[in-house]
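Text of model_39.cif (mmCIF, C-alpha atoms) as supplied:
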data_coords
#
loop_
_atom_site.label_atom_id
_atom_site.label_comp_id
_atom_site.auth_asym_id
_atom_site.auth_seq_id
_atom_site.Cartn_x
_atom_site.Cartn_y
_atom_site.Cartn_z
CA MET F 1 -33.05 -1.98 -22.07
CA LYS F 2 -31.85 -0.10 -18.97
CA TYR F 3 -30.33 -3.31 -17.53
CA CYS F 4 -28.70 -4.14 -20.87
CA LEU F 5 -26.99 -0.74 -20.83
CA ILE F 6 -25.86 -1.22 -17.23
CA THR F 7 -24.46 -4.69 -18.09
CA LEU F 8 -22.71 -3.30 -21.17
CA PHE F 9 -21.23 -0.45 -19.11
CA THR F 10 -19.99 -2.92 -16.46
CA LEU F 11 -18.42 -5.15 -19.12
CA LEU F 12 -16.69 -2.17 -20.73
CA CYS F 13 -15.31 -1.03 -17.36
CA CYS F 14 -14.06 -4.55 -16.57
CA SER F 15 -12.38 -5.03 -19.93
CA SER F 16 -10.79 -1.58 -19.67
CA ALA F 17 -9.41 -2.42 -16.21
CA PHE F 18 -8.09 -5.72 -17.57
CA ALA F 19 -6.47 -4.03 -20.57
CA GLN F 20 -4.78 -1.52 -18.27
CA ARG F 21 -3.50 -4.32 -16.07
CA SER F 22 -2.15 -6.32 -18.99
CA ASN F 23 -0.11 -3.26 -20.06
CA MET F 24 1.61 -3.17 -16.72
CA MET F 25 5.38 -3.43 -16.65
CA VAL F 26 6.78 -5.65 -13.91
CA ARG F 27 10.47 -5.58 -13.04
CA LEU F 28 12.60 -7.30 -10.45
CA SER F 29 15.91 -5.59 -9.78
CA GLU F 30 18.78 -7.49 -8.17
CA ILE F 31 21.30 -5.12 -6.65
CA GLU F 32 24.44 -5.73 -4.61
CA ILE F 33 25.49 -2.86 -2.37
CA ASP F 34 28.93 -2.03 -1.01
CA SER F 35 28.62 -2.89 2.71
CA LYS F 36 30.37 0.40 3.69
CA HIS F 37 27.40 2.32 2.25
CA LEU F 38 24.54 -0.02 3.10
CA GLU F 39 22.64 2.09 5.66
CA GLU F 40 23.02 5.25 3.58
CA TYR F 41 21.86 3.40 0.46
CA LYS F 42 18.75 1.98 2.16
CA ALA F 43 17.77 5.44 3.45
CA ILE F 44 18.09 6.98 -0.03
CA LEU F 45 16.18 4.08 -1.65
CA LYS F 46 13.37 4.37 0.94
CA GLU F 47 12.99 8.08 0.16
CA GLU F 48 13.04 7.48 -3.58
CA SER F 49 10.50 4.65 -3.55
CA ARG F 50 8.15 6.63 -1.28
CA ALA F 51 8.34 9.70 -3.50
CA SER F 52 7.75 7.62 -6.64
CA VAL F 53 4.63 5.91 -5.27
CA GLN F 54 3.29 9.18 -3.82
CA LEU F 55 3.99 11.54 -6.71
CA GLU F 56 3.75 9.43 -9.86
CA PRO F 57 0.32 8.13 -10.91
CA GLY F 58 1.98 5.55 -13.17
CA VAL F 59 4.13 3.99 -10.44
CA VAL F 60 1.97 1.21 -9.00
CA SER F 61 4.65 -0.19 -6.73
CA ILE F 62 8.29 0.14 -5.84
CA TYR F 63 8.74 -2.45 -3.12
CA PRO F 64 12.34 -2.64 -1.86
CA MET F 65 13.65 -5.43 0.36
CA TYR F 66 16.95 -7.08 1.30
CA GLN F 67 18.02 -10.64 2.00
CA LYS F 68 18.03 -11.36 5.75
CA ASP F 69 21.15 -13.57 5.68
CA ALA F 70 22.95 -11.34 3.14
CA PRO F 71 21.80 -7.76 3.78
CA THR F 72 23.89 -6.27 0.95
CA GLN F 73 21.68 -8.21 -1.50
CA VAL F 74 18.80 -5.86 -2.31
CA ARG F 75 15.78 -6.81 -4.40
CA ILE F 76 13.13 -4.35 -5.68
CA LEU F 77 9.77 -5.36 -7.12
CA GLU F 78 8.71 -2.53 -9.41
CA ILE F 79 5.30 -2.34 -11.07
CA TYR F 80 4.49 0.44 -13.55
CA ALA F 81 1.09 1.08 -15.19
CA SER F 82 2.80 1.02 -18.61
CA ARG F 83 6.17 1.33 -20.34
CA GLU F 84 5.45 5.08 -20.78
CA ALA F 85 4.98 5.43 -17.00
CA TYR F 86 8.39 3.79 -16.54
CA GLU F 87 10.05 6.15 -19.06
CA LEU F 88 8.52 9.14 -17.21
CA HIS F 89 9.76 7.75 -13.89
CA LEU F 90 13.36 7.71 -15.16
CA LYS F 91 13.16 11.47 -15.79
CA THR F 92 11.84 12.52 -12.35
CA PRO F 93 14.07 14.54 -10.00
CA HIS F 94 13.73 11.95 -7.20
CA PHE F 95 14.88 9.10 -9.46
CA GLN F 96 17.74 11.20 -10.85
CA THR F 97 18.86 12.08 -7.30
CA TYR F 98 18.71 8.40 -6.28
CA LYS F 99 20.66 7.33 -9.37
CA THR F 100 23.46 9.85 -9.02
CA THR F 101 23.90 9.66 -5.22
CA THR F 102 23.93 5.84 -5.09
CA LEU F 103 26.08 5.18 -8.16
CA LYS F 104 29.27 4.68 -6.13
CA MET F 105 27.45 2.39 -3.62
CA VAL F 106 26.24 -0.17 -6.17
CA LYS F 107 28.58 -3.14 -6.78
CA SER F 108 26.32 -4.92 -9.29
CA LEU F 109 22.91 -4.38 -10.85
CA LYS F 110 20.68 -6.78 -12.79
CA LEU F 111 17.32 -5.58 -14.14
CA MET F 112 14.91 -8.38 -15.00
CA ASP F 113 11.70 -7.75 -16.94
CA MET F 114 9.05 -10.06 -15.56
CA GLU F 115 5.62 -11.33 -16.59
CA ALA F 116 3.04 -11.76 -13.82
CA ILE F 117 1.64 -15.31 -13.86
CA ASP F 118 -1.74 -14.11 -12.52
CA PRO F 119 -2.15 -10.31 -12.70
CA GLU F 120 -5.57 -10.55 -11.03
CA THR F 121 -4.07 -11.73 -7.73
CA MET F 122 -2.92 -8.16 -7.15
CA SER F 123 -6.37 -6.83 -6.31
CA LYS F 124 -6.96 -9.73 -3.92
CA MET F 125 -3.65 -8.95 -2.22
CA PHE F 126 -4.89 -5.43 -1.63
CA LEU F 127 -8.07 -6.65 0.06
CA LYS F 128 -6.01 -8.88 2.35
CA LEU F 129 -3.69 -6.04 3.31
CA GLN F 130 -6.59 -3.90 4.44
CA LYS F 131 -7.52 -6.64 6.91
CA ASN F 132 -3.96 -7.19 8.19
CA MET M 1 -12.63 13.26 27.89
CA LYS M 2 -14.63 11.78 25.01
CA TYR M 3 -12.05 13.07 22.49
CA CYS M 4 -9.17 11.77 24.62
CA LEU M 5 -10.72 8.30 24.53
CA ILE M 6 -11.23 8.48 20.76
CA THR M 7 -7.59 9.58 20.31
CA LEU M 8 -6.37 6.80 22.60
CA PHE M 9 -8.45 4.24 20.72
CA THR M 10 -7.09 5.46 17.37
CA LEU M 11 -3.51 5.30 18.66
CA LEU M 12 -4.05 1.75 19.95
CA CYS M 13 -5.49 0.65 16.61
CA CYS M 14 -2.60 2.21 14.70
CA SER M 15 0.07 0.65 16.90
CA SER M 16 -1.66 -2.74 16.67
CA ALA M 17 -1.73 -2.50 12.86
CA PHE M 18 1.95 -1.52 12.89
CA ALA M 19 2.85 -4.45 15.17
CA GLN M 20 0.98 -6.83 12.87
CA ARG M 21 2.79 -5.47 9.86
CA SER M 22 6.22 -5.70 11.51
CA ASN M 23 5.54 -9.41 12.23
CA MET M 24 5.03 -10.06 8.56
CA MET M 25 7.19 -12.66 6.91
CA VAL M 26 8.45 -11.75 3.44
CA ARG M 27 9.97 -14.37 1.18
CA LEU M 28 11.34 -14.33 -2.34
CA SER M 29 11.52 -17.76 -3.97
CA GLU M 30 13.80 -18.36 -6.95
CA ILE M 31 12.71 -21.45 -8.87
CA GLU M 32 14.01 -22.98 -12.09
CA ILE M 33 11.49 -25.15 -13.94
CA ASP M 34 12.15 -27.97 -16.39
CA SER M 35 11.09 -26.45 -19.75
CA LYS M 36 9.16 -29.64 -20.67
CA HIS M 37 6.75 -28.97 -17.79
CA LEU M 38 6.62 -25.16 -17.85
CA GLU M 39 3.01 -24.56 -18.92
CA GLU M 40 1.70 -27.27 -16.60
CA TYR M 41 3.76 -25.86 -13.72
CA LYS M 42 2.47 -22.30 -14.26
CA ALA M 43 -1.16 -23.51 -14.31
CA ILE M 44 -0.70 -25.43 -11.02
CA LEU M 45 1.12 -22.49 -9.39
CA LYS M 46 -1.64 -20.07 -10.47
CA GLU M 47 -4.30 -22.32 -8.88
CA GLU M 48 -2.27 -22.71 -5.70
CA SER M 49 -1.52 -19.01 -5.25
CA ARG M 50 -5.16 -18.06 -5.91
CA ALA M 51 -6.44 -20.63 -3.39
CA SER M 52 -3.91 -19.48 -0.77
CA VAL M 53 -4.85 -15.80 -1.06
CA GLN M 54 -8.58 -16.59 -1.15
CA LEU M 55 -8.78 -19.20 1.61
CA GLU M 56 -6.05 -18.30 4.08
CA PRO M 57 -6.47 -15.15 6.20
CA GLY M 58 -2.72 -15.16 6.99
CA VAL M 59 -1.56 -15.20 3.36
CA VAL M 60 -1.22 -11.54 2.41
CA SER M 61 0.30 -12.17 -1.00
CA ILE M 62 1.63 -14.92 -3.20
CA TYR M 63 2.69 -13.06 -6.32
CA PRO M 64 4.19 -15.37 -8.96
CA MET M 65 6.06 -14.14 -12.05
CA TYR M 66 8.63 -15.36 -14.56
CA GLN M 67 11.58 -13.75 -16.32
CA LYS M 68 10.57 -12.58 -19.81
CA ASP M 69 13.89 -13.50 -21.46
CA ALA M 70 14.21 -16.78 -19.49
CA PRO M 71 10.66 -18.06 -18.86
CA THR M 72 11.82 -21.13 -16.91
CA GLN M 73 13.11 -18.74 -14.23
CA VAL M 74 10.18 -18.22 -11.86
CA ARG M 75 10.14 -15.81 -8.93
CA ILE M 76 7.46 -15.65 -6.24
CA LEU M 77 7.04 -12.79 -3.77
CA GLU M 78 5.30 -14.27 -0.73
CA ILE M 79 4.03 -12.17 2.18
CA TYR M 80 2.56 -13.85 5.27
CA ALA M 81 0.96 -12.06 8.25
CA SER M 82 3.30 -13.98 10.60
CA ARG M 83 5.58 -17.02 10.82
CA GLU M 84 2.58 -18.97 12.24
CA ALA M 85 0.52 -18.10 9.14
CA TYR M 86 3.35 -19.49 7.01
CA GLU M 87 3.51 -22.73 9.04
CA LEU M 88 -0.28 -23.14 8.62
CA HIS M 89 0.04 -22.50 4.87
CA LEU M 90 2.49 -25.42 4.52
CA LYS M 91 -0.16 -27.79 5.92
CA THR M 92 -3.05 -26.78 3.61
CA PRO M 93 -4.34 -29.28 1.01
CA HIS M 94 -3.74 -26.81 -1.88
CA PHE M 95 -0.08 -26.29 -0.91
CA GLN M 96 0.43 -30.03 -0.41
CA THR M 97 -1.09 -30.72 -3.86
CA TYR M 98 1.14 -28.06 -5.45
CA LYS M 99 4.25 -29.43 -3.70
CA THR M 100 3.71 -33.07 -4.66
CA THR M 101 2.51 -32.51 -8.24
CA THR M 102 5.31 -30.07 -9.14
CA LEU M 103 8.21 -31.85 -7.42
CA LYS M 104 9.42 -33.49 -10.63
CA MET M 105 9.12 -30.21 -12.58
CA VAL M 106 11.45 -28.17 -10.33
CA LYS M 107 15.14 -28.14 -11.32
CA SER M 108 16.29 -25.85 -8.53
CA LEU M 109 14.75 -23.95 -5.64
CA LYS M 110 16.16 -21.14 -3.49
CA LEU M 111 14.04 -19.71 -0.67
CA MET M 112 15.21 -16.28 0.54
CA ASP M 113 13.84 -14.68 3.69
CA MET M 114 13.60 -10.95 3.09
CA GLU M 115 13.20 -7.81 5.15
CA ALA M 116 11.04 -5.04 3.67
CA ILE M 117 12.98 -1.76 3.58
CA ASP M 118 9.78 0.27 4.03
CA PRO M 119 6.83 -1.92 5.14
CA GLU M 120 4.51 1.10 5.00
CA THR M 121 4.85 1.37 1.21
CA MET M 122 2.67 -1.73 0.92
CA SER M 123 -0.55 0.05 1.80
CA LYS M 124 0.25 2.90 -0.57
CA MET M 125 1.10 0.53 -3.39
CA PHE M 126 -2.22 -1.26 -3.04
CA LEU M 127 -4.15 1.99 -3.01
CA LYS M 128 -2.53 2.70 -6.36
CA LEU M 129 -3.58 -0.72 -7.64
CA GLN M 130 -7.24 0.08 -7.05
CA LYS M 131 -6.91 3.09 -9.31
CA ASN M 132 -5.13 1.16 -12.08
#
Rewritten as structure tokens:
Amino acid sequence: MKYCLITLFTLLCCSSAFAQRSNMMVRLSEIEIDSKHLEEYKAILKEESRASVQLEPGVVSIYPMYQKDAPTQVRILEIYASREAYELHLKTPHFQTYKTTTLKMVKSLKLMDMEAIDPETMSKMFLKLQKN
Amino acid sequence: MKYCLITLFTLLCCSSAFAQRSNMMVRLSEIEIDSKHLEEYKAILKEESRASVQLEPGVVSIYPMYQKDAPTQVRILEIYASREAYELHLKTPHFQTYKTTTLKMVKSLKLMDMEAIDPETMSKMFLKLQKN
């Protein structure tokens, strides 16, 4: 009986973790920046993404990068625990500061809602990063 | 003296981890798939990315996703520990199988080498993943 309860508990925990993961919101943002403002933009984005990951429990990742052969082409992989977490993120002071200060620097912006092909890979990625 | 050695050791470890991270190769692949083969392609890609993360120490992440409003538009965020790890990856049986079996399914392919704007965010983002 004791082992049955332990198994049941483990199954419940696993299915809860899976459900949480399947609610995740994944977004890929494609942004073109005015080259005059590129360094300033990257500094502001770095601050904003750090603050979001550190302060917001629902922000799983804001991973900003730029294209090596076209540095004004910025891409951001954003992962939120849920749509609600994303809505909360939009209201934070650090996001609002980012949005208003970078508005004039952005030449184009495309927000793409994505579906992860294998959400479970994420946990494996984490284990690998600890070793690297 | 003992504490000096411990501090020195810690500093050496940290700088080594930083050097490893700064050698990382980040790639964003933009792939358009023939809609006739979409489900088959996603299944093969899922297998290939799982095998790569599980079997190759130098593959930090292969994170595949597709655009919700245009499911034939696939994007893959790939992170390798180094350029050498990437070269080794290209020679593995699972990558070779993926490449040959999906060749006819791919309508277009754009490989973009990326620079992370804040490589340190990675560790934070994966700590968050454990909690989610």
>> Using only C-alpha atoms, I'd like every residue of chain M that has an atom within 6 Å of chain F; please write them out as a PyMOL selection string.
In response: chain M and resi 60-61+64-68+113-117+125-126+128
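Among the candidate residues M:Met105, M:Ser52, M:Thr72, M:Ser35, the one lying nearest to Lys91 (chain M) is M:Ser52, with distances computed using all atoms listed in the file.
Between CA of Leu111 (chain M) and CA of Glu32 (chain M) the interatomic distance comes to 11.9 Å.
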> In Å to one decimal, how far is CA of Tyr41 (chain M) from CA of Lys104 (chain M)?
Replying inline: 10.0 Å
> What separation in Å, quoted to one decimal, exists between CA of Leu103 (chain F) and CA of Ser29 (chain M)?
Replying inline: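 Between CA of Leu103 (chain F) and CA of Ser29 (chain M) the gap works out to 27.5 Å.
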Any chance you could work out the axis-aligned box around region 58-72 of chain F, listed atoms only, 5 Å on each side, giving centre and edge lengths in Å to one decimal, as lines of an AutoDock Vina configuration file?
center_x = 12.9
center_y = -4.0
center_z = -3.7
size_x = 31.9
size_y = 29.1
size_z = 28.9
>> When you look at Ser82 (chain F) with a cut-off of 7 Å (counting only C-alpha atoms), what residues show up, excluding the ones that are within fewer than 4 positions of it in the same chain? I need them as a PyMOL selection string.
In response: chain F and resi 23-25+86
